[in-house]
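Q: Next comes model-v2.txt, compact mmCIF, C-alpha atoms:
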```txt
# COMPACT_ATOMS: atom_id res chain seq x y z
CA MET G 299 63.07 66.53 72.75
CA LYS G 300 61.97 69.21 75.19
CA VAL G 301 64.42 72.05 75.81
CA LEU G 302 64.26 74.78 78.45
CA VAL G 303 65.50 78.18 77.29
CA THR G 304 65.87 80.63 80.17
CA GLY G 305 65.75 84.26 79.09
CA GLY G 306 64.15 82.94 75.91
CA LEU G 307 62.37 86.20 75.06
CA GLY G 308 65.60 88.18 75.15
CA PHE G 309 67.75 89.09 72.17
CA ILE G 310 69.87 85.94 71.79
CA GLY G 311 67.35 83.70 73.52
CA SER G 312 64.51 84.46 71.11
CA HIS G 313 66.69 83.82 68.05
CA THR G 314 67.83 80.53 69.59
CA VAL G 315 64.23 79.50 70.23
CA VAL G 316 63.54 80.04 66.52
CA GLU G 317 66.48 77.87 65.47
CA LEU G 318 65.56 75.15 67.99
CA GLN G 319 61.99 75.04 66.70
CA ASN G 320 63.27 74.96 63.12
CA GLU G 321 65.24 71.83 64.12
CA GLY G 322 62.17 70.14 65.61
CA PHE G 323 62.74 70.75 69.32
CA GLU G 324 59.87 71.42 71.70
CA VAL G 325 60.78 74.61 73.54
CA VAL G 326 59.79 75.89 76.98
CA ILE G 327 60.75 79.49 77.75
CA ILE G 328 61.28 81.01 81.18
CA ASP G 329 61.65 84.80 81.26
CA ASN G 330 60.92 87.43 83.92
CA LEU G 331 60.47 90.14 81.23
CA SER G 332 62.91 92.46 83.02
CA ASN G 333 64.63 93.25 79.71
CA SER G 334 62.23 91.76 77.18
CA SER G 335 58.59 91.71 76.16
CA GLU G 336 55.93 89.02 75.83
CA ASP G 337 55.27 90.45 72.36
CA VAL G 338 58.45 88.67 71.24
CA LEU G 339 56.39 85.45 71.27
CA LYS G 340 54.38 86.80 68.33
CA GLY G 341 57.58 87.29 66.34
CA ILE G 342 58.74 83.74 67.10
CA VAL G 343 55.38 82.38 65.96
CA ALA G 344 55.44 84.52 62.81
CA ILE G 345 58.79 83.02 61.82
CA THR G 346 58.29 79.37 62.82
CA GLY G 347 54.50 78.88 62.83
CA GLN G 348 54.88 77.33 66.30
CA THR G 349 54.09 78.72 69.74
CA PRO G 350 56.64 77.77 72.42
CA LEU G 351 55.40 77.24 75.96
CA PHE G 352 56.12 80.36 78.01
CA GLU G 353 56.24 80.75 81.79
CA LYS G 354 56.82 84.16 83.32
CA MET G 355 59.12 83.46 86.24
CA ASP G 356 61.93 85.04 88.19
CA LEU G 357 64.65 82.41 88.55
CA ARG G 358 65.78 84.07 91.78
CA ASP G 359 62.69 82.42 93.31
CA LYS G 360 64.14 79.06 94.34
CA ALA G 361 60.77 77.50 95.16
CA ALA G 362 59.44 78.45 91.71
CA VAL G 363 62.48 76.83 90.05
CA GLN G 364 61.95 73.64 92.06
CA ASP G 365 58.26 73.58 91.12
CA PHE G 366 59.06 74.11 87.44
CA PHE G 367 61.40 71.12 87.25
CA LYS G 368 58.85 68.93 89.06
CA ARG G 369 56.28 69.82 86.40
CA HIS G 370 58.75 69.42 83.52
CA ALA G 371 60.69 66.31 84.48
CA ASP G 372 61.08 65.36 80.79
CA ILE G 373 63.36 68.26 79.86
CA SER G 374 66.37 66.87 78.00
CA GLY G 375 68.45 70.05 77.82
CA VAL G 376 68.75 73.54 79.27
CA ILE G 377 70.13 76.59 77.47
CA HIS G 378 70.72 79.25 80.11
CA PHE G 379 70.63 82.86 78.88
CA ALA G 380 68.80 84.53 81.78
CA ALA G 381 71.20 87.08 83.27
CA SER G 382 71.88 90.78 83.61
CA LYS G 383 74.39 91.73 80.93
CA ALA G 384 75.51 95.38 80.87
CA VAL G 385 79.14 95.98 81.85
CA ASN G 386 78.74 99.57 83.06
CA GLU G 387 75.49 98.82 84.94
CA SER G 388 77.30 95.98 86.73
CA VAL G 389 79.97 98.43 87.87
CA GLU G 390 77.26 100.68 89.31
CA ASN G 391 75.13 97.90 90.83
CA PRO G 392 77.31 94.84 91.50
CA LEU G 393 74.98 93.12 93.99
CA LEU G 394 72.17 92.97 91.41
CA TYR G 395 74.55 91.14 89.07
CA TYR G 396 75.80 88.68 91.67
CA GLU G 397 72.26 87.87 92.82
CA ASN G 398 70.75 87.60 89.36
CA ASN G 399 73.59 85.86 87.54
CA ILE G 400 74.90 83.52 90.23
CA ASN G 401 71.90 82.57 92.36
CA THR G 402 69.76 81.68 89.36
CA LEU G 403 72.52 79.46 87.94
CA VAL G 404 72.89 77.63 91.27
CA TYR G 405 69.16 76.99 91.57
CA ILE G 406 68.96 75.48 88.08
CA LEU G 407 72.03 73.28 88.59
CA GLN G 408 70.63 72.06 91.93
CA GLU G 409 67.65 70.67 90.03
CA LEU G 410 69.68 69.24 87.15
CA GLN G 411 72.11 67.38 89.39
CA GLN G 412 69.19 65.31 90.70
CA LYS G 413 68.57 63.91 87.21
CA SER G 414 70.21 60.73 85.93
CA GLU G 415 71.29 62.66 82.84
CA ALA G 416 71.33 66.38 82.11
CA ASN G 417 72.65 68.63 79.33
CA PHE G 418 73.45 72.27 80.01
CA ILE G 419 74.52 75.04 77.63
CA PHE G 420 75.85 78.15 79.35
CA SER G 421 75.72 81.62 77.88
CA SER G 422 79.22 82.85 78.71
CA SER G 423 81.25 85.74 77.37
CA CYS G 424 84.63 86.77 76.01
CA THR G 425 84.79 89.10 79.03
CA VAL G 426 86.17 86.10 80.95
CA TYR G 427 89.49 86.68 79.16
CA GLY G 428 89.75 90.26 80.42
CA GLU G 429 92.39 92.22 78.52
CA ALA G 430 93.91 89.33 76.54
CA ASP G 431 97.66 89.26 75.85
CA LYS G 432 97.34 88.46 72.15
CA MET G 433 94.83 88.33 69.32
CA PRO G 434 92.96 86.39 68.18
CA ILE G 435 91.83 84.97 71.53
CA THR G 436 91.85 81.17 71.75
CA GLU G 437 90.00 79.04 74.31
CA ASP G 438 93.38 78.36 75.94
CA ALA G 439 93.97 82.05 76.68
CA PRO G 440 94.24 82.65 80.43
CA VAL G 441 91.11 83.71 82.28
CA LYS G 442 92.30 86.94 83.87
CA LYS G 443 90.92 89.02 86.69
CA ALA G 444 87.61 90.39 85.48
CA LEU G 445 87.36 94.11 84.72
CA SER G 446 83.68 94.30 85.76
CA PRO G 447 81.23 92.52 88.07
CA TYR G 448 79.43 91.29 84.91
CA GLY G 449 82.61 89.64 83.64
CA ASN G 450 83.25 88.22 87.10
CA THR G 451 79.80 86.59 87.21
CA LYS G 452 80.63 84.81 83.95
CA GLN G 453 83.96 83.59 85.35
CA ILE G 454 82.33 82.43 88.59
CA GLY G 455 79.49 80.82 86.61
CA GLU G 456 81.95 78.80 84.53
CA GLU G 457 83.77 77.67 87.69
CA ILE G 458 80.53 76.60 89.36
CA ILE G 459 79.46 74.60 86.31
CA SER G 460 82.85 72.89 86.00
CA GLU G 461 82.86 71.89 89.67
CA VAL G 462 79.25 70.63 89.63
CA CYS G 463 79.77 68.60 86.44
CA LYS G 464 82.70 66.76 88.08
CA VAL G 465 80.41 65.33 90.76
CA SER G 466 77.11 64.95 88.87
CA SER G 467 75.58 63.55 85.70
CA ILE G 468 75.47 66.99 84.07
CA ASN G 469 77.35 67.52 80.80
CA SER G 470 77.91 71.12 79.76
CA ILE G 471 79.16 73.31 76.96
CA LEU G 472 80.29 76.85 77.79
CA LEU G 473 79.83 79.20 74.84
CA ARG G 474 81.94 82.34 75.10
CA TYR G 475 80.30 84.95 72.88
CA PHE G 476 82.05 87.90 71.43
CA ASN G 477 79.63 90.73 70.42
CA PRO G 478 76.20 89.61 69.18
CA ILE G 479 74.45 92.05 66.85
CA GLY G 480 71.75 92.26 64.19
CA ALA G 481 68.24 90.86 63.98
CA HIS G 482 66.36 88.09 62.25
CA PRO G 483 66.29 88.67 58.45
CA THR G 484 62.46 88.68 58.59
CA ALA G 485 62.55 91.62 61.06
CA HIS G 486 60.03 89.74 63.24
CA ILE G 487 62.48 89.66 66.18
CA GLY G 488 65.57 91.66 67.06
CA GLU G 489 67.33 93.53 69.83
CA LEU G 490 64.90 95.59 71.89
CA PRO G 491 66.65 97.11 74.90
CA ILE G 492 64.47 98.71 77.56
CA GLY G 493 65.55 102.29 78.25
CA VAL G 494 68.86 103.69 77.02
CA PRO G 495 70.80 100.98 75.12
CA GLN G 496 73.95 99.64 76.79
CA ASN G 497 75.29 98.10 73.58
CA LEU G 498 76.73 99.85 70.53
CA ILE G 499 74.49 98.63 67.70
CA PRO G 500 71.05 99.50 69.14
CA PHE G 501 72.47 102.90 70.11
CA ILE G 502 73.63 103.34 66.51
CA THR G 503 70.28 102.32 65.02
CA GLN G 504 68.30 104.42 67.51
CA THR G 505 70.50 107.40 66.64
CA GLY G 506 70.04 106.64 62.94
CA ILE G 507 66.26 106.61 63.31
CA GLY G 508 66.29 109.89 65.28
CA LEU G 509 65.41 108.48 68.70
CA ARG G 510 68.79 109.54 70.11
CA GLU G 511 70.37 112.91 69.36
CA GLN G 512 73.83 111.52 68.84
CA LEU G 513 76.00 108.51 69.56
CA SER G 514 78.69 108.64 72.23
CA VAL G 515 82.00 107.01 71.30
CA TYR G 516 83.77 106.13 74.54
CA GLY G 517 87.38 107.10 73.96
CA ASP G 518 89.50 107.62 70.82
CA ASP G 519 92.88 107.34 72.52
CA TYR G 520 93.18 103.55 72.76
CA PRO G 521 96.26 101.85 71.24
CA THR G 522 94.35 100.73 68.12
CA PRO G 523 94.63 101.89 64.47
CA ASP G 524 91.92 104.57 64.85
CA GLY G 525 92.00 104.96 68.64
CA THR G 526 88.63 103.29 69.29
CA CYS G 527 87.94 99.90 70.88
CA ILE G 528 87.93 96.79 68.71
CA ARG G 529 85.36 94.01 69.01
CA ASP G 530 84.29 90.88 67.14
CA TYR G 531 80.69 91.48 66.01
CA ILE G 532 78.77 88.27 65.28
CA HIS G 533 75.29 88.08 63.76
CA VAL G 534 72.78 86.82 66.31
CA VAL G 535 71.35 84.16 63.97
CA ASP G 536 74.80 82.64 63.52
CA LEU G 537 75.18 82.67 67.29
CA ALA G 538 71.77 81.05 67.79
CA LYS G 539 72.60 78.23 65.38
CA ALA G 540 75.76 77.48 67.39
CA HIS G 541 73.59 76.78 70.46
CA VAL G 542 71.56 74.22 68.54
CA VAL G 543 74.73 72.52 67.27
CA ALA G 544 76.17 72.47 70.82
CA LEU G 545 72.99 70.97 72.27
CA GLN G 546 72.85 68.32 69.55
CA ARG G 547 76.46 67.44 70.38
CA LEU G 548 75.56 66.81 74.03
CA LEU G 549 72.39 64.89 73.20
CA ALA G 550 74.34 62.66 70.81
CA LYS G 551 77.00 62.17 73.52
CA LYS G 552 79.73 63.39 71.18
CA ASN G 553 81.31 65.63 73.81
CA LEU G 554 84.84 64.55 74.69
CA GLU G 555 84.81 66.08 78.17
CA LYS G 556 82.20 66.75 80.83
CA VAL G 557 82.66 70.48 80.21
CA GLU G 558 83.68 71.83 76.82
CA VAL G 559 84.44 75.47 75.95
CA PHE G 560 84.00 77.20 72.60
CA ASN G 561 84.52 80.78 71.43
CA LEU G 562 81.75 82.12 69.22
CA GLY G 563 82.74 84.98 66.95
CA THR G 564 83.68 85.76 63.38
CA GLY G 565 87.44 85.89 63.91
CA THR G 566 87.55 89.50 62.67
CA GLY G 567 87.88 92.61 64.83
CA SER G 568 86.14 95.88 63.92
CA SER G 569 86.67 99.23 65.64
CA VAL G 570 83.81 101.42 66.82
CA LEU G 571 84.52 103.92 64.03
CA GLU G 572 84.59 101.11 61.44
CA VAL G 573 81.17 99.96 62.64
CA ILE G 574 79.82 103.51 62.38
CA GLN G 575 81.18 103.83 58.84
CA THR G 576 79.70 100.46 57.84
CA PHE G 577 76.32 101.48 59.24
CA GLU G 578 76.47 104.74 57.27
CA LYS G 579 77.17 102.70 54.16
CA VAL G 580 74.25 100.25 54.57
CA SER G 581 71.77 102.89 55.78
CA GLY G 582 72.81 105.63 53.35
CA GLN G 583 72.93 108.34 55.99
CA LYS G 584 75.43 110.15 58.16
CA LEU G 585 75.44 109.25 61.83
CA PRO G 586 75.93 112.07 64.37
CA TYR G 587 78.43 111.07 67.05
CA LYS G 588 80.80 112.64 69.56
CA ILE G 589 83.95 111.39 71.24
CA VAL G 590 83.59 111.25 75.03
CA GLY G 591 85.76 109.87 77.83
CA ARG G 592 86.57 106.21 78.24
CA ARG G 593 84.02 104.00 80.00
CA GLU G 594 85.04 102.01 83.07
CA GLY G 595 85.23 98.25 82.46
CA ASP G 596 85.84 98.48 78.70
CA ILE G 597 88.75 96.50 77.28
CA ILE G 598 90.83 97.69 74.34
CA SER G 599 90.53 94.84 71.88
CA ALA G 600 88.85 91.43 71.68
CA TYR G 601 88.31 89.18 68.71
CA ALA G 602 88.04 85.41 68.55
CA SER G 603 90.00 82.53 67.24
CA THR G 604 87.13 80.43 65.91
CA ASP G 605 89.21 77.40 64.85
CA LYS G 606 87.93 75.15 67.64
CA ALA G 607 84.25 75.90 66.99
CA ASN G 608 84.80 75.53 63.24
CA GLN G 609 86.59 72.18 63.53
CA VAL G 610 85.03 70.50 66.56
CA LEU G 611 81.45 71.81 66.44
CA GLY G 612 81.39 72.09 62.65
CA TRP G 613 79.97 75.59 63.04
CA LYS G 614 81.07 78.80 61.35
CA ALA G 615 79.67 82.33 61.33
CA GLN G 616 78.13 83.09 57.92
CA SER G 617 76.99 86.72 57.98
CA THR G 618 79.20 89.75 57.32
CA LEU G 619 79.22 92.92 59.42
CA GLU G 620 77.36 94.67 56.57
CA GLU G 621 74.64 92.01 56.55
CA ALA G 622 74.23 92.04 60.32
CA LEU G 623 73.95 95.86 60.37
CA THR G 624 71.49 95.75 57.47
CA TYR G 625 69.22 93.40 59.48
CA ALA G 626 69.61 95.56 62.60
CA TRP G 627 68.59 98.66 60.63
CA LYS G 628 65.66 96.87 59.01
CA TRP G 629 64.47 95.82 62.49
CA GLU G 630 64.85 99.35 63.91
CA GLN G 631 62.86 100.83 61.01
CA LYS G 632 60.10 98.26 61.50
CA ILE G 633 59.62 98.79 65.24
CA ARG G 634 59.57 102.59 64.85
CA SER G 635 57.15 102.60 61.92
```
Output the file's structure as structure tokens, nothing else.
A:
Amino acid sequence: MKVLVTGGLGFIGSHTVVELQNEGFEVVIIDNLSNSSEDVLKGIVAITGQTPLFEKMDLRDKAAVQDFFKRHADISGVIHFAASKAVNESVENPLLYYENNINTLVYILQELQQKSEANFIFSSSCTVYGEADKMPITEDAPVKKALSPYGNTKQIGEEIISEVCKVSSINSILLRYFNPIGAHPTAHIGELPIGVPQNLIPFITQTGIGLREQLSVYGDDYPTPDGTCIRDYIHVVDLAKAHVVALQRLLAKKNLEKVEVFNLGTGTGSSVLEVIQTFEKVSGQKLPYKIVGRREGDIISAYASTDKANQVLGWKAQSTLEEALTYAWKWEQKIRS
């Protein structure tokens, strides 16, 4: 079985490639290297002993996408990660996000709808729920008006997929991630943001290693137990394994609907200060941080109900927050050594 993984050299993509290869899939990666490095291939090979096929390509190039699918007509599934993903950057540069996240999705679906059978896994996000009314968030929670262009691209993407699947042979699973963190236990691959990190954990580990002077905590006046935002932090390897399970479900035609939706998280919410304290515990050092103003686009609290994924997919997150932070710290130490 040949599987296309777009954005396959990125953080979640590279870990998913590893798990796919471990399950015997032949993987083709498309990545434009805008927020990743070709060196990630070496890490994938070090873990699996296999070299996936890699094509450097910008999926905004419609002709290149068409040419790719002509050359790889035997692809049996697509896992689509390629997208811009920073909430605050999307607020500052919305057109980049609409072009990169929507156009690329449309071009891929245009090719897939020409096939007699196609399986599509979409990298979605809990941001589609906006500020949810109650916790934990179930898949039936209303999709509210997005608080950022990034969140809006995920909502629009889900709508596009649902509408296309109704009138084509495409079957799809939408995976709504909560907050992916950590690194592979081998420390051969991990999160490697280019420039200043937009996500909490790499900012924590870069501060811990001395690359950043101190961590900024955006707001301590939220209506939460310690005043900081609450998120559901899921280890990236657990997340990657869910993609393999979802793809196998589609390939085995076990899906009950043309489009299925699953939350992927741990079911537990942790505040920013709790994450900092847990990192201090696993790393054995104090982390310098300062409280600054709230950041536009941030929601107060989000953690998942994972019952549907547990029961229907037969998948469950295995790693604790401590374990995920331990792997993230091990990765940070390796790449700075």
Q: Taking a cut-off of 12 Å and counting only C-alpha atoms, can you build a table that, for each residue of region 565-601 of chain G near region 362-384 of chain G, reports the nearest atom pair and how far apart they are in Å (one decimal), sorted by chain then residue number, as JSON lines?
A:
```
{"residue": "G:Glu594", "atom": "CA", "partner": "G:Ala384", "partner_atom": "CA", "distance": 11.8}
{"residue": "G:Gly595", "atom": "CA", "partner": "G:Ala384", "partner_atom": "CA", "distance": 10.3}
{"residue": "G:Asp596", "atom": "CA", "partner": "G:Ala384", "partner_atom": "CA", "distance": 11.0}
```
Q: Could you save the residues just selected, with C-alpha atoms, as a short mmCIF file (atom, residue, chain, number, x, y, z; two decimals), in the coordinates of the input?
A:
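Written output follows (out_9.cif):
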```cif
data_model
loop_
_atom_site.label_atom_id
_atom_site.label_comp_id
_atom_site.auth_asym_id
_atom_site.auth_seq_id
_atom_site.Cartn_x
_atom_site.Cartn_y
_atom_site.Cartn_z
CA GLU G 594 85.04 102.01 83.07
CA GLY G 595 85.23 98.25 82.46
CA ASP G 596 85.84 98.48 78.70
#
```
Q: Restricting the calculation to all atoms listed in the file, which member of G:Ser423, G:Ser603, G:Ser466, G:Ser446 is positioned closest to Gln408 (chain G)?
A: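 Among the listed residues, the smallest separation from Gln408 (chain G) belongs to G:Ser466.
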Q: Could you give me, as a Markdown table, every region 307-376 of chain G residue with an atom at most 12 Å from region 541-557 of chain G, plus its closest atom pair and distance in Å to one decimal, counting only C-alpha atoms, rows ordered by chain then number?
A:
```
| residue | atom | partner | partner_atom | distance |
| --- | --- | --- | --- | --- |
| G:Ile310 | CA | G:His541 | CA | 10.0 |
| G:Gly311 | CA | G:His541 | CA | 9.8 |
| G:Ser312 | CA | G:His541 | CA | 11.9 |
| G:His313 | CA | G:His541 | CA | 10.1 |
| G:Thr314 | CA | G:His541 | CA | 6.9 |
| G:Val315 | CA | G:Val542 | CA | 9.2 |
| G:Val316 | CA | G:Val542 | CA | 10.1 |
| G:Glu317 | CA | G:Val542 | CA | 7.0 |
| G:Leu318 | CA | G:Val542 | CA | 6.1 |
| G:Gln319 | CA | G:Val542 | CA | 9.8 |
| G:Asn320 | CA | G:Val542 | CA | 9.9 |
| G:Glu321 | CA | G:Val542 | CA | 8.1 |
| G:Gly322 | CA | G:Val542 | CA | 10.6 |
| G:Phe323 | CA | G:Val542 | CA | 9.5 |
| G:Val325 | CA | G:Val542 | CA | 11.9 |
| G:Ile373 | CA | G:Leu549 | CA | 11.7 |
| G:Ser374 | CA | G:Leu549 | CA | 7.9 |
| G:Gly375 | CA | G:Leu545 | CA | 7.2 |
| G:Val376 | CA | G:Leu545 | CA | 8.6 |
```
Q: Could you check which residues have any atom within 8 Å of (60.6, 89.5, 74.6), counting only C-alpha atoms with coordinates taken straight from the file, and then list them as number ranges by chain?
A: G: 306-309, 312, 331, 333-339, 490
Q: I'd like the interatomic distance between CA of Trp613 (chain G) and CA of Glu630 (chain G), to a tenth of an Å.
A: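 Taking CA of Trp613 (chain G) and CA of Glu630 (chain G), their separation equals 28.2 Å.
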Q: Nearest to Tyr448 (chain G): which of G:Ser599, G:Gln616, G:Ser414, G:Asn398 is it, counting only C-alpha atoms?
A: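 The closest residue to Tyr448 (chain G) is G:Asn398.
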Q: Could you check which of G:Thr604, G:Gln631, G:Thr576, G:Thr484 is closest to Glu437 (chain G), using all atoms listed in the file?
A: G:Thr604
Q: Using all atoms listed in the file, which residues sit within 7 Å of Phe352 (chain G) once same-chain residues fewer than 4 positions away are excluded, as a list in words?
A: Val326, Ile327 and Ile328 of chain G
Q: Can you tell me how far CA of Ala416 (chain G) sits from CA of Ala540 (chain G), in Å to one decimal?
A: 19.0 Å
Q: Around the point (77.3, 100.7, 82.2) in the file's coordinates, collect all residues with an atom within 9 Å, using all atoms listed in the file, and return them as a short mmCIF file (atom, residue, chain, number, x, y, z; two decimals) with C-alpha atoms, in the frame of the given file.
A:
```cif
data_model
loop_
_atom_site.label_atom_id
_atom_site.label_comp_id
_atom_site.auth_asym_id
_atom_site.auth_seq_id
_atom_site.Cartn_x
_atom_site.Cartn_y
_atom_site.Cartn_z
CA ALA G 384 75.51 95.38 80.87
CA VAL G 385 79.14 95.98 81.85
CA ASN G 386 78.74 99.57 83.06
CA GLU G 387 75.49 98.82 84.94
CA SER G 388 77.30 95.98 86.73
CA VAL G 389 79.97 98.43 87.87
CA GLU G 390 77.26 100.68 89.31
CA GLN G 496 73.95 99.64 76.79
CA ARG G 593 84.02 104.00 80.00
CA GLU G 594 85.04 102.01 83.07
CA GLY G 595 85.23 98.25 82.46
#
```
Q: For CA of Gly591 (chain G) and CA of Tyr516 (chain G), determine how far apart the two atoms are, in Å to one decimal place.
A: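 Distance reported for this atom pair: 5.4 Å.
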Q: Using all atoms listed in the file, which of the listed residues (G:Ser581, G:Thr402, G:Thr503, G:Gln575) sits closest to Ala361 (chain G)?
A: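 Looking at the shortest contact to Ala361 (chain G), the residue is G:Thr402.
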Q: Which residue out of G:Ile459, G:Val559, G:Val570, G:Ile598 has the minimum interatomic distance to Leu445 (chain G) when only C-alpha atoms are used?
A: G:Ile598
Q: Which residue out of G:Val494, G:Ala481, G:Ile633, G:Leu410 has the minimum interatomic distance to Asn469 (chain G) when all atoms listed in the file are used?
A: G:Leu410
Q: Please provide as a ChimeraX atom specification all residues within 12 Å of Ser569 (chain G), with the sequence filter that same-chain residues fewer than 6 positions apart are discarded (counting all atoms listed in the file).
A: /G:498,515-518,520-531,575-576,598-601,619
Q: Could you pull the residues within 10 Å of Gln411 (chain G), counting only C-alpha atoms, minus those fewer than 4 positions along the same chain, as a PDB file with C-alpha atoms, in the frame of the given file?
A:
```
ATOM      1  CA  ILE G 406      68.960  75.480  88.080  1.00  0.00           C
ATOM      2  CA  LEU G 407      72.030  73.280  88.590  1.00  0.00           C
ATOM      3  CA  GLU G 415      71.290  62.660  82.840  1.00  0.00           C
ATOM      4  CA  ALA G 416      71.330  66.380  82.110  1.00  0.00           C
ATOM      5  CA  VAL G 462      79.250  70.630  89.630  1.00  0.00           C
ATOM      6  CA  CYS G 463      79.770  68.600  86.440  1.00  0.00           C
ATOM      7  CA  VAL G 465      80.410  65.330  90.760  1.00  0.00           C
ATOM      8  CA  SER G 466      77.110  64.950  88.870  1.00  0.00           C
ATOM      9  CA  SER G 467      75.580  63.550  85.700  1.00  0.00           C
ATOM     10  CA  ILE G 468      75.470  66.990  84.070  1.00  0.00           C
TER      11      ILE G 468
END
```
